[in-house]
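Structure data (CSV, C-alpha atoms) from run-v3.csv:
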```
chain,number,residue,atom,x,y,z
J,12,MET,CA,24.4,38.7,-15.9
J,13,LYS,CA,22.5,37.4,-12.9
J,14,ILE,CA,19.2,37.6,-14.7
J,15,ASN,CA,20.7,35.7,-17.6
J,16,LEU,CA,21.8,33.0,-15.3
J,17,ARG,CA,18.4,32.7,-13.7
J,18,ILE,CA,16.7,32.5,-17.1
J,19,GLN,CA,19.2,29.8,-18.1
J,20,LYS,CA,18.4,27.8,-14.9
J,21,ALA,CA,14.6,28.2,-15.5
J,22,VAL,CA,15.0,27.0,-19.1
J,23,ILE,CA,17.0,23.9,-17.9
J,24,LEU,CA,14.4,23.1,-15.3
J,25,PHE,CA,11.6,23.5,-17.8
J,26,LEU,CA,13.4,21.2,-20.2
J,27,ILE,CA,13.9,18.6,-17.5
J,28,ILE,CA,10.2,18.7,-16.7
J,29,VAL,CA,9.2,18.4,-20.4
J,30,PHE,CA,11.6,15.5,-20.7
J,31,PHE,CA,10.1,13.6,-17.7
J,32,ILE,CA,6.5,14.3,-18.9
J,33,SER,CA,7.3,13.0,-22.5
J,34,PHE,CA,9.3,10.0,-21.1
J,35,ASN,CA,6.3,9.0,-18.9
J,36,ARG,CA,3.9,9.2,-21.8
J,37,SER,CA,5.9,6.5,-23.6
J,38,LEU,CA,6.0,2.8,-22.8
J,39,LEU,CA,9.6,3.0,-21.6
J,40,PRO,CA,8.8,3.6,-17.9
J,41,LYS,CA,6.6,0.5,-17.7
J,42,LYS,CA,9.4,-1.6,-19.3
J,43,LEU,CA,12.0,0.0,-17.1
J,44,LYS,CA,10.0,-0.7,-13.9
J,45,ASN,CA,9.2,-4.3,-15.1
J,46,SER,CA,12.9,-5.0,-15.6
J,47,PHE,CA,13.8,-3.6,-12.2
J,48,TYR,CA,11.1,-5.7,-10.5
J,49,LEU,CA,12.3,-8.8,-12.4
J,50,PHE,CA,15.9,-8.2,-11.3
J,51,SER,CA,14.9,-7.4,-7.7
J,52,GLN,CA,12.2,-10.0,-7.2
J,53,PRO,CA,14.5,-12.7,-5.6
J,54,ILE,CA,16.0,-10.2,-3.2
J,55,GLN,CA,12.6,-8.7,-2.4
J,56,LYS,CA,11.1,-12.1,-1.8
J,57,VAL,CA,13.8,-13.0,0.7
J,58,LEU,CA,13.5,-9.5,2.4
J,59,TRP,CA,9.7,-9.8,2.6
J,60,GLU,CA,9.9,-13.3,4.3
J,61,THR,CA,12.7,-12.3,6.7
J,62,GLY,CA,10.9,-9.1,7.7
J,63,ASP,CA,7.7,-11.0,8.2
J,64,LYS,CA,9.4,-13.6,10.4
J,65,ILE,CA,11.3,-10.9,12.5
J,66,SER,CA,8.2,-8.8,13.0
J,67,ASP,CA,6.2,-11.9,14.0
J,68,PHE,CA,8.9,-12.8,16.5
J,69,LEU,CA,9.1,-9.3,18.0
J,70,GLY,CA,5.3,-8.9,17.9
J,71,THR,CA,4.9,-12.1,19.9
J,72,ILE,CA,7.3,-10.8,22.6
J,73,PHE,CA,5.6,-7.5,22.9
J,74,GLU,CA,2.1,-9.0,22.9
J,75,ILE,CA,2.3,-12.0,25.3
J,76,GLU,CA,-0.1,-10.4,27.8
J,77,ASN,CA,-2.5,-9.4,25.1
J,78,LEU,CA,-2.2,-12.9,23.5
J,79,LYS,CA,-3.2,-14.6,26.8
J,80,GLN,CA,-6.4,-12.5,27.0
J,81,GLU,CA,-7.0,-13.0,23.3
J,82,ASN,CA,-6.5,-16.7,23.7
J,83,LYS,CA,-9.2,-16.9,26.4
J,84,GLN,CA,-11.6,-14.9,24.3
J,85,LEU,CA,-10.9,-17.1,21.3
J,86,ARG,CA,-11.6,-20.3,23.2
J,87,LEU,CA,-15.0,-18.9,24.1
J,88,THR,CA,-15.5,-17.8,20.5
J,89,ILE,CA,-14.5,-21.3,19.3
J,90,LEU,CA,-17.2,-22.9,21.5
J,91,GLU,CA,-19.8,-20.4,20.2
J,92,LEU,CA,-18.7,-21.1,16.6
J,93,LEU,CA,-18.9,-24.9,17.1
J,94,GLY,CA,-22.5,-24.4,18.0
J,95,ASP,CA,-23.0,-22.2,15.0
J,96,ASN,CA,-21.2,-24.6,12.8
J,97,LEU,CA,-23.6,-27.4,13.7
J,98,ARG,CA,-26.5,-25.2,13.0
J,99,ILE,CA,-25.0,-24.1,9.6
J,100,LYS,CA,-24.5,-27.7,8.6
J,101,GLU,CA,-28.1,-28.4,9.2
J,102,LEU,CA,-29.0,-25.3,7.2
J,103,GLU,CA,-26.7,-26.4,4.4
J,104,LYS,CA,-28.4,-29.7,4.1
J,105,GLU,CA,-31.7,-28.0,4.1
J,106,ASN,CA,-30.5,-25.5,1.5
J,107,LEU,CA,-29.3,-28.3,-0.8
J,108,VAL,CA,-32.6,-30.1,-0.6
J,109,LEU,CA,-34.4,-26.8,-1.4
J,110,ARG,CA,-32.1,-26.1,-4.3
J,111,GLN,CA,-32.8,-29.5,-5.8
J,112,ALA,CA,-36.4,-29.0,-5.2
J,113,LEU,CA,-36.3,-25.6,-7.0
J,114,ASP,CA,-34.1,-27.0,-9.7
J,115,LEU,CA,-31.5,-24.2,-9.3
J,116,GLY,CA,-27.9,-24.6,-10.4
J,117,ILE,CA,-25.2,-24.5,-7.8
J,118,GLU,CA,-23.9,-20.9,-7.6
J,119,LYS,CA,-21.1,-20.2,-10.0
J,120,GLU,CA,-17.8,-20.2,-8.0
J,121,LEU,CA,-15.2,-17.5,-8.5
J,122,LYS,CA,-12.6,-18.1,-11.1
J,123,LEU,CA,-9.3,-17.4,-9.3
J,124,GLU,CA,-5.6,-17.2,-10.1
J,125,ILE,CA,-2.9,-17.3,-7.4
J,126,ALA,CA,-0.1,-14.8,-6.9
J,127,ASP,CA,2.5,-13.7,-4.3
J,128,ILE,CA,3.0,-10.3,-2.8
J,129,ILE,CA,6.6,-9.2,-3.3
J,130,GLY,CA,6.6,-5.6,-2.3
J,131,LYS,CA,4.7,-2.7,-0.9
J,132,ASP,CA,4.7,0.9,-2.2
J,133,ILE,CA,6.6,3.4,-0.1
J,134,SER,CA,3.7,5.7,-0.3
J,135,GLN,CA,1.7,2.8,1.2
J,136,ASP,CA,-1.7,1.4,0.4
J,137,SER,CA,-0.5,-0.4,-2.7
J,138,ILE,CA,1.3,-3.6,-3.3
J,139,LEU,CA,3.3,-5.4,-6.0
J,140,ILE,CA,2.4,-8.9,-7.0
J,141,ASN,CA,4.5,-11.3,-9.1
J,142,LYS,CA,2.2,-11.8,-12.1
J,143,GLY,CA,1.4,-9.5,-15.0
J,144,TYR,CA,-0.1,-9.4,-18.4
J,145,GLU,CA,1.9,-12.4,-19.5
J,146,ASP,CA,-0.2,-14.4,-17.0
J,147,GLY,CA,-3.4,-13.0,-18.5
J,148,PHE,CA,-3.9,-10.2,-15.9
J,149,SER,CA,-5.5,-6.9,-16.8
J,150,LYS,CA,-6.3,-3.7,-15.1
J,151,ASP,CA,-9.2,-3.5,-12.5
J,152,LEU,CA,-9.1,-7.2,-11.7
J,153,ILE,CA,-10.1,-7.8,-8.0
J,154,ILE,CA,-7.7,-9.2,-5.4
J,155,ILE,CA,-8.9,-11.3,-2.5
J,156,THR,CA,-7.4,-13.5,0.2
J,157,GLN,CA,-8.0,-17.2,0.9
J,158,GLN,CA,-10.7,-16.2,3.4
J,159,LYS,CA,-12.6,-14.2,0.7
J,160,ILE,CA,-11.5,-11.0,2.2
J,161,LEU,CA,-11.3,-8.2,-0.4
J,162,VAL,CA,-7.8,-6.7,-0.6
J,163,GLY,CA,-8.1,-4.3,-3.6
J,164,ARG,CA,-7.9,-4.1,-7.3
J,165,ILE,CA,-5.1,-4.1,-10.0
J,166,CYS,CA,-4.3,-0.5,-11.0
J,167,GLU,CA,-1.3,-1.1,-13.3
J,168,VAL,CA,-0.1,-4.2,-15.2
J,169,TYR,CA,3.4,-4.8,-16.3
J,170,GLU,CA,4.8,-7.7,-18.2
J,171,ASN,CA,5.5,-10.0,-15.2
J,172,PHE,CA,4.1,-7.9,-12.3
J,173,SER,CA,1.0,-5.9,-11.3
J,174,LYS,CA,0.5,-3.1,-9.0
J,175,VAL,CA,-2.5,-3.4,-6.7
J,176,ILE,CA,-4.2,-0.5,-4.9
J,177,LEU,CA,-5.5,-1.6,-1.5
J,178,LEU,CA,-9.0,-0.8,-0.3
J,179,SER,CA,-7.5,1.8,1.9
J,180,ASN,CA,-5.9,3.7,-0.9
J,181,LYS,CA,-7.3,7.2,-1.3
J,182,GLU,CA,-8.4,6.4,-4.9
J,183,SER,CA,-10.4,3.4,-3.8
J,184,PHE,CA,-14.1,3.3,-3.2
J,185,LEU,CA,-16.7,0.6,-3.5
J,186,ASP,CA,-20.4,-0.2,-2.9
J,187,VAL,CA,-21.0,-2.3,0.2
J,188,GLU,CA,-23.8,-3.5,2.4
J,189,ILE,CA,-24.0,-4.3,6.0
J,190,GLU,CA,-24.5,-8.0,6.5
J,191,ASN,CA,-28.0,-9.1,7.6
J,192,LYS,CA,-29.2,-5.5,7.7
J,193,GLU,CA,-30.1,-4.5,4.1
J,194,ILE,CA,-28.2,-1.2,4.5
J,195,GLU,CA,-26.1,-0.1,1.6
J,196,GLY,CA,-23.3,2.4,1.6
J,197,LEU,CA,-20.0,3.4,0.1
J,198,VAL,CA,-16.6,2.5,1.5
J,199,LYS,CA,-13.8,5.0,0.8
J,200,GLY,CA,-10.1,4.5,1.4
J,201,LYS,CA,-8.5,7.3,3.4
J,202,GLY,CA,-4.9,6.2,3.2
J,203,ASP,CA,-2.6,4.6,5.8
J,204,PHE,CA,-4.9,1.5,6.1
J,205,ASN,CA,-7.9,3.6,7.1
J,206,LEU,CA,-11.3,2.9,5.7
J,207,TRP,CA,-14.5,4.9,6.1
J,208,LEU,CA,-18.1,3.9,5.5
J,209,GLU,CA,-20.1,6.8,4.0
J,210,LEU,CA,-23.5,7.7,2.6
J,211,ILE,CA,-25.5,5.7,5.3
J,212,PRO,CA,-28.8,7.5,5.9
J,213,LYS,CA,-29.1,8.8,9.4
J,214,GLU,CA,-32.3,6.8,10.1
J,215,LYS,CA,-30.6,3.5,9.5
J,216,GLU,CA,-29.2,1.8,12.6
J,217,ILE,CA,-25.7,0.6,12.4
J,218,GLU,CA,-23.7,-0.7,15.3
J,219,GLN,CA,-20.1,-1.3,16.3
J,220,GLY,CA,-19.0,-4.7,15.1
J,221,ASP,CA,-21.4,-4.8,12.1
J,222,ILE,CA,-19.8,-6.8,9.3
J,223,ILE,CA,-19.4,-5.1,6.0
J,224,VAL,CA,-19.5,-7.0,2.7
J,225,THR,CA,-19.3,-6.1,-0.9
J,226,SER,CA,-22.5,-5.4,-2.9
J,227,SER,CA,-22.9,-6.3,-6.5
J,228,LEU,CA,-24.8,-3.1,-7.1
J,229,SER,CA,-22.1,-1.6,-9.4
J,230,GLY,CA,-21.3,-4.9,-11.1
J,231,ILE,CA,-17.6,-4.4,-10.4
J,232,TYR,CA,-17.3,-6.6,-7.3
J,233,PRO,CA,-18.9,-10.0,-6.6
J,234,GLN,CA,-21.5,-10.1,-3.9
J,235,GLY,CA,-20.5,-11.0,-0.3
J,236,LEU,CA,-16.7,-10.5,-0.2
J,237,LEU,CA,-15.6,-9.5,3.3
J,238,VAL,CA,-14.5,-5.9,3.8
J,239,GLY,CA,-14.3,-5.1,7.5
J,240,GLU,CA,-16.3,-4.4,10.6
J,241,VAL,CA,-17.7,-1.1,12.0
J,242,LYS,CA,-15.3,0.3,14.6
J,243,GLU,CA,-16.7,3.8,15.3
J,244,ILE,CA,-19.9,5.5,14.2
J,245,LYS,CA,-19.9,9.3,13.5
J,246,LYS,CA,-23.2,11.2,13.4
J,247,GLN,CA,-23.2,14.9,12.9
J,248,ASP,CA,-26.4,17.0,13.1
J,249,PRO,CA,-26.1,19.1,10.0
J,250,GLU,CA,-25.1,16.2,7.7
J,251,PRO,CA,-27.9,14.0,6.1
J,252,PHE,CA,-25.7,10.9,6.2
J,253,GLN,CA,-23.8,9.2,9.0
J,254,THR,CA,-20.3,7.8,8.5
J,255,ALA,CA,-18.3,5.1,10.3
J,256,ILE,CA,-14.7,4.2,10.7
J,257,ILE,CA,-14.1,0.6,9.5
J,258,ASN,CA,-11.6,-1.9,10.9
J,259,PRO,CA,-10.5,-3.6,7.6
J,260,PHE,CA,-10.2,-7.4,7.6
J,261,PHE,CA,-7.2,-7.5,5.3
J,262,ASN,CA,-3.8,-7.5,6.9
J,263,ILE,CA,-1.1,-7.1,4.4
J,264,LYS,CA,1.7,-8.0,6.8
J,265,GLU,CA,0.1,-11.4,7.5
J,266,THR,CA,-0.8,-12.1,3.8
J,267,LYS,CA,1.8,-13.6,1.4
J,268,THR,CA,-0.4,-15.3,-1.1
J,269,ILE,CA,-3.4,-13.6,-2.7
J,270,PHE,CA,-6.0,-14.6,-5.3
J,271,ILE,CA,-7.0,-12.6,-8.4
J,272,VAL,CA,-10.7,-12.9,-9.4
J,273,ILE,CA,-10.5,-13.5,-13.1
J,274,ASP,CA,-14.3,-14.0,-13.5
J,275,PHE,CA,-17.3,-14.1,-11.2
N,79,MET,CA,32.8,8.7,-9.3
N,80,LYS,CA,33.2,6.0,-6.7
N,81,LYS,CA,31.0,8.0,-4.3
N,82,ILE,CA,28.3,8.3,-6.9
N,83,LEU,CA,28.3,4.6,-7.6
N,84,PHE,CA,28.2,3.9,-3.9
N,85,LEU,CA,25.2,6.2,-3.6
N,86,ILE,CA,23.4,4.5,-6.4
N,87,ILE,CA,23.9,1.0,-4.9
N,88,PHE,CA,23.1,2.4,-1.4
N,89,PHE,CA,19.7,3.9,-2.5
N,90,TYR,CA,18.8,0.8,-4.5
N,91,ILE,CA,19.3,-1.4,-1.3
N,92,ILE,CA,17.5,1.2,0.8
N,93,SER,CA,14.5,1.1,-1.6
N,94,LEU,CA,14.4,-2.7,-1.5
N,95,LEU,CA,14.5,-2.7,2.3
N,96,GLU,CA,11.8,0.0,2.4
N,97,THR,CA,9.4,-1.8,0.1
N,98,SER,CA,9.9,-5.3,1.3
N,99,PHE,CA,11.5,-5.4,4.8
N,100,PHE,CA,10.7,-2.3,6.8
N,101,ILE,CA,7.0,-2.3,6.0
N,102,HIS,CA,6.7,-5.1,8.5
N,103,PHE,CA,7.7,-2.8,11.3
N,104,ASN,CA,6.0,0.5,12.2
N,105,PHE,CA,6.3,2.9,15.0
N,106,PHE,CA,2.9,3.7,16.4
N,107,ARG,CA,1.3,2.9,13.1
N,108,PHE,CA,3.7,5.2,11.3
N,109,SER,CA,6.2,3.9,8.7
N,110,PRO,CA,9.1,6.3,8.2
N,111,ASN,CA,10.3,7.0,4.7
N,112,ILE,CA,13.9,6.0,5.0
N,113,ILE,CA,14.9,7.2,1.5
N,114,LEU,CA,13.8,10.7,2.4
N,115,ILE,CA,15.5,10.6,5.8
N,116,PHE,CA,18.8,9.5,4.3
N,117,GLN,CA,18.7,12.1,1.6
N,118,ILE,CA,18.1,14.8,4.1
N,119,LEU,CA,20.9,13.5,6.3
N,120,ILE,CA,23.3,13.4,3.4
N,121,THR,CA,22.4,17.0,2.4
N,122,LEU,CA,22.8,18.2,6.0
N,123,PHE,CA,26.1,16.5,6.7
N,124,GLU,CA,27.8,17.2,3.4
N,125,ASP,CA,29.9,20.3,3.0
N,126,PRO,CA,27.4,23.0,1.8
N,127,ASN,CA,29.8,23.9,-1.1
N,128,LYS,CA,30.0,20.4,-2.5
N,129,ASN,CA,27.3,18.9,-4.8
N,130,LEU,CA,27.3,15.2,-4.0
N,131,ALA,CA,23.9,15.5,-2.4
N,132,ILE,CA,22.5,16.6,-5.8
N,133,PHE,CA,23.6,13.3,-7.3
N,134,SER,CA,22.3,11.4,-4.4
N,135,ALA,CA,18.9,13.2,-4.7
N,136,VAL,CA,18.7,12.0,-8.4
N,137,SER,CA,19.5,8.4,-7.5
N,138,ALA,CA,17.3,8.3,-4.4
N,139,GLY,CA,14.4,9.9,-6.4
N,140,PHE,CA,14.9,7.5,-9.3
N,141,PHE,CA,14.6,4.4,-7.1
N,142,TRP,CA,11.7,5.9,-5.1
N,143,ASP,CA,9.9,6.4,-8.4
N,144,ILE,CA,10.7,2.9,-9.6
N,145,PHE,CA,9.4,1.2,-6.5
N,146,SER,CA,6.3,3.4,-6.2
N,147,GLU,CA,3.3,4.4,-8.2
N,148,ASN,CA,4.8,7.8,-9.0
N,149,PRO,CA,5.7,8.7,-12.6
N,150,ILE,CA,9.5,8.6,-13.2
N,151,GLY,CA,10.9,12.0,-12.4
N,152,PHE,CA,8.4,13.0,-9.8
N,153,SER,CA,10.4,12.1,-6.7
N,154,ILE,CA,13.7,13.1,-8.4
N,155,LEU,CA,12.3,16.6,-8.8
N,156,ILE,CA,11.0,16.7,-5.2
N,157,LEU,CA,14.2,15.4,-3.7
N,158,LEU,CA,16.3,17.7,-5.9
N,159,SER,CA,14.2,20.7,-4.7
N,160,ILE,CA,14.5,19.7,-1.0
N,161,SER,CA,18.3,19.2,-1.4
N,162,VAL,CA,18.8,22.5,-3.3
N,163,PHE,CA,16.7,24.4,-0.8
N,164,LEU,CA,18.6,22.9,2.2
N,165,LYS,CA,21.9,23.7,0.4
N,166,ILE,CA,21.0,27.3,-0.1
N,167,VAL,CA,19.8,27.6,3.5
N,168,LEU,CA,23.0,25.9,4.8
N,169,ARG,CA,25.3,28.0,2.5
N,170,LYS,CA,23.7,31.4,3.3
N,171,TYR,CA,22.2,31.2,6.8
N,172,VAL,CA,23.5,28.4,8.9
N,173,ARG,CA,26.8,28.2,10.7
N,174,ILE,CA,27.0,25.0,12.7
N,175,PRO,CA,30.6,24.0,13.5
N,176,ILE,CA,29.6,20.3,14.0
N,177,LEU,CA,28.3,20.1,10.5
N,178,LYS,CA,31.5,21.4,9.1
N,179,GLN,CA,33.4,18.4,10.4
N,180,PHE,CA,31.8,16.1,7.9
```
Here is the file; what I need is its structure written in the form of structure tokens.
Amino acid sequence: MKINLRIQKAVILFLIIVFFISFNRSLLPKKLKNSFYLFSQPIQKVLWETGDKISDFLGTIFEIENLKQENKQLRLTILELLGDNLRIKELEKENLVLRQALDLGIEKELKLEIADIIGKDISQDSILINKGYEDGFSKDLIIITQQKILVGRICEVYENFSKVILLSNKESFLDVEIENKEIEGLVKGKGDFNLWLELIPKEKEIEQGDIIVTSSLSGIYPQGLLVGEVKEIKKQDPEPFQTAIINPFFNIKETKTIFIVIDF
Amino acid sequence: MKKILFLIIFFYIISLLETSFFIHFNFFRFSPNIILIFQILITLFEDPNKNLAIFSAVSAGFFWDIFSENPIGFSILILLSISVFLKIVLRKYVRIPILKQF
């Protein structure tokens, strides 16, 4: 009798699993998720903005001392940047003249579409944006911020929404190079906003604070989008490559509006 | 029936808060999964011989799946397994008088 009951339970469990598998293979889950997002969007928008404001307020209280120091540091940086800015303007003029002289076309700008973040996945490292295939979006489009910081790429498109996996998602990896150093490597997401730089030959010199930008090597990402800066370098004797922990430039909490690169 | 309806609305609101509100706050770079915490608490504090926690596991798992990348059913099965396991442990091995009050 007991065995019969166990077999009955096992059969029910098996049938439930088969039902979920076949359900997920159809288009229904996408439509179901889309309608839930559509229905929840106004509430999510309000919650996102409220959470953002409250965390900003609390953050300011807890970080007043840090902010003072950061302010001092930033003032110094501004002065340095002002000097750099003047130099860059000079270089820009020179560059323009040289381009004209060489008869080169001005570099094609990125074709962008704007979208808002409305939610973040519980399992983290993925976000939900308020545009989908009705707005012409498709899978694998790249997401950047206003400052040309790479955020991630679209992994799933619904009718009016899209799911974006962040760079730090475990499934994310991209070709990168270290600015001004001609060193190329691979950036891998490690989950929970952690990024690692890998496959850097040991003989190459990388330093803390080195800026990492995207490389056009694979043809998936445009050249020169900002990724992050080197935080900690890890060299182990038996390994042929060195790795580094990266401090990502994107900050999902401070970002509300993002841009989708339609073409580059 | 009223309790089940309440649980469905409760977990829908919790899912919205989790995905859009609480992600702005973290404790030492750690964001707790509130859906999972509430589901475990409901299972622990319910009378081990009642089955409301099973319904709550289904609704919690459903909303978890809706607002995450998971295929629908994945979290339902995980939360169901956790709740059933806790129920069995509570029924057979645990005698905590304070839990019986709820």
Contact residues (chain N, partner chain J, 6 Å, all atoms listed in the file) as a short mmCIF file (atom, residue, chain, number, x, y, z; two decimals) with C-alpha atoms, keeping the file's coordinate frame:
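Dumped to selection03.cif:
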```
data_model
loop_
_atom_site.label_atom_id
_atom_site.label_comp_id
_atom_site.auth_asym_id
_atom_site.auth_seq_id
_atom_site.Cartn_x
_atom_site.Cartn_y
_atom_site.Cartn_z
CA THR N 97 9.40 -1.80 0.10
CA SER N 98 9.90 -5.30 1.30
CA PHE N 99 11.50 -5.40 4.80
CA HIS N 102 6.70 -5.10 8.50
CA ILE N 144 10.70 2.90 -9.60
CA SER N 146 6.30 3.40 -6.20
CA GLY N 151 10.90 12.00 -12.40
#
```
Name all residues at most 10 Å from stretch 155-160 of chain N (count only C-alpha atoms; drop same-chain ones fewer than 5 positions away) and give them as an mmCIF file with C-alpha atoms, keeping the file's coordinate frame.
```
data_model
loop_
_atom_site.group_PDB
_atom_site.id
_atom_site.type_symbol
_atom_site.label_atom_id
_atom_site.label_comp_id
_atom_site.auth_asym_id
_atom_site.auth_seq_id
_atom_site.Cartn_x
_atom_site.Cartn_y
_atom_site.Cartn_z
ATOM 1 C CA LEU J 24 14.400 23.100 -15.300
ATOM 2 C CA ILE J 27 13.900 18.600 -17.500
ATOM 3 C CA ILE J 28 10.200 18.700 -16.700
ATOM 4 C CA PHE J 31 10.100 13.600 -17.700
ATOM 5 C CA ILE N 113 14.900 7.200 1.500
ATOM 6 C CA LEU N 114 13.800 10.700 2.400
ATOM 7 C CA GLN N 117 18.700 12.100 1.600
ATOM 8 C CA ILE N 118 18.100 14.800 4.100
ATOM 9 C CA THR N 121 22.400 17.000 2.400
ATOM 10 C CA ALA N 131 23.900 15.500 -2.400
ATOM 11 C CA ILE N 132 22.500 16.600 -5.800
ATOM 12 C CA PHE N 133 23.600 13.300 -7.300
ATOM 13 C CA SER N 134 22.300 11.400 -4.400
ATOM 14 C CA ALA N 135 18.900 13.200 -4.700
ATOM 15 C CA VAL N 136 18.700 12.000 -8.400
ATOM 16 C CA SER N 137 19.500 8.400 -7.500
ATOM 17 C CA ALA N 138 17.300 8.300 -4.400
ATOM 18 C CA GLY N 139 14.400 9.900 -6.400
ATOM 19 C CA PHE N 140 14.900 7.500 -9.300
ATOM 20 C CA TRP N 142 11.700 5.900 -5.100
ATOM 21 C CA ILE N 150 9.500 8.600 -13.200
ATOM 22 C CA LYS N 165 21.900 23.700 0.400
#
```
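Residues near the point (-7.5, 7.2, -5.4), at a distance of 12 Å or less over all atoms listed in the file, make up J:Asp136, J:Ser137, J:Gly163, J:Arg164, J:Cys166, J:Val175, J:Ile176, J:Leu177, J:Leu178, J:Ser179, J:Asn180, J:Lys181, J:Glu182, J:Ser183, J:Phe184, J:Leu185, J:Lys199, J:Gly200, J:Lys201, J:Gly202, N:Glu147.
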Worksheet item: Quick one: distance from atom CA of J:Val224 to atom CA of J:Glu240 in Å, one decimal?
Response: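 Between atom CA of J:Val224 and atom CA of J:Glu240 the gap works out to 8.9 Å.
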Practice prompt. To one decimal in Å, tell me the separation between atom CA of J:Leu123 and atom CA of J:Ile155.
Written response: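 So the answer is 9.1 Å.
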Worksheet item: If you measure from atom CA of N:Phe141 to atom CA of N:Phe89, what distance in Å do you get, rounded to one decimal?
Response: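 A separation of 6.9 Å between them.
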Worksheet item: Looking at N:Ile154, N:Ile101, N:Leu130, N:Val172, which one is nearest to N:Ile82, with distances taken over all atoms listed in the file?
Response: N:Leu130
Could the centre and edge lengths of an axis-aligned box, enclosing all atoms of stretch 185-202 of chain J in the file with 3 Å extra on each side, be given in Å to one decimal as AutoDock Vina command-line options?
```
--center_x -17.5 --center_y -0.9 --center_z 2.1 --size_x 31.2 --size_y 22.4 --size_z 17.2
```
Item to complete: Select, from J:Leu237, J:Ile160, J:Ile244, J:Ile153, the residue with the minimum atom-to-atom distance to J:Gln219, counting only C-alpha atoms.
Response: J:Ile244
Can stretch 107-122 of chain N be brought up to N, CA and C atoms and written out as a tab-separated table (two decimals), in the coordinates of the input?
```tsv
chain	number	residue	atom	x	y	z
N	107	ARG	N	1.99	2.90	14.34
N	107	ARG	CA	1.30	2.90	13.10
N	107	ARG	C	1.86	3.84	12.04
N	108	PHE	N	3.11	4.21	12.23
N	108	PHE	CA	3.70	5.20	11.30
N	108	PHE	C	4.98	4.52	10.71
N	109	SER	N	5.04	4.44	9.39
N	109	SER	CA	6.20	3.90	8.70
N	109	SER	C	7.08	5.01	8.17
N	110	PRO	N	8.24	5.24	8.73
N	110	PRO	CA	9.10	6.30	8.20
N	110	PRO	C	9.60	6.08	6.83
N	111	ASN	N	9.74	7.13	6.04
N	111	ASN	CA	10.30	7.00	4.70
N	111	ASN	C	11.82	7.13	4.81
N	112	ILE	N	12.49	5.99	4.75
N	112	ILE	CA	13.90	6.00	5.00
N	112	ILE	C	14.73	6.66	3.88
N	113	ILE	N	14.22	6.54	2.65
N	113	ILE	CA	14.90	7.20	1.50
N	113	ILE	C	15.00	8.70	1.77
N	114	LEU	N	13.85	9.27	2.14
N	114	LEU	CA	13.80	10.70	2.40
N	114	LEU	C	14.70	11.10	3.56
N	115	ILE	N	14.66	10.29	4.62
N	115	ILE	CA	15.50	10.60	5.80
N	115	ILE	C	16.97	10.58	5.44
N	116	PHE	N	17.39	9.54	4.70
N	116	PHE	CA	18.80	9.50	4.30
N	116	PHE	C	19.22	10.61	3.42
N	117	GLN	N	18.33	10.97	2.48
N	117	GLN	CA	18.70	12.10	1.60
N	117	GLN	C	18.85	13.37	2.33
N	118	ILE	N	17.95	13.61	3.29
N	118	ILE	CA	18.10	14.80	4.10
N	118	ILE	C	19.35	14.82	4.92
N	119	LEU	N	19.65	13.66	5.50
N	119	LEU	CA	20.90	13.50	6.30
N	119	LEU	C	22.13	13.78	5.47
N	120	ILE	N	22.14	13.19	4.25
N	120	ILE	CA	23.30	13.40	3.40
N	120	ILE	C	23.47	14.87	3.05
N	121	THR	N	22.35	15.52	2.73
N	121	THR	CA	22.40	17.00	2.40
N	121	THR	C	22.91	17.77	3.60
N	122	LEU	N	22.40	17.41	4.79
N	122	LEU	CA	22.80	18.20	6.00
N	122	LEU	C	24.23	18.02	6.35
```
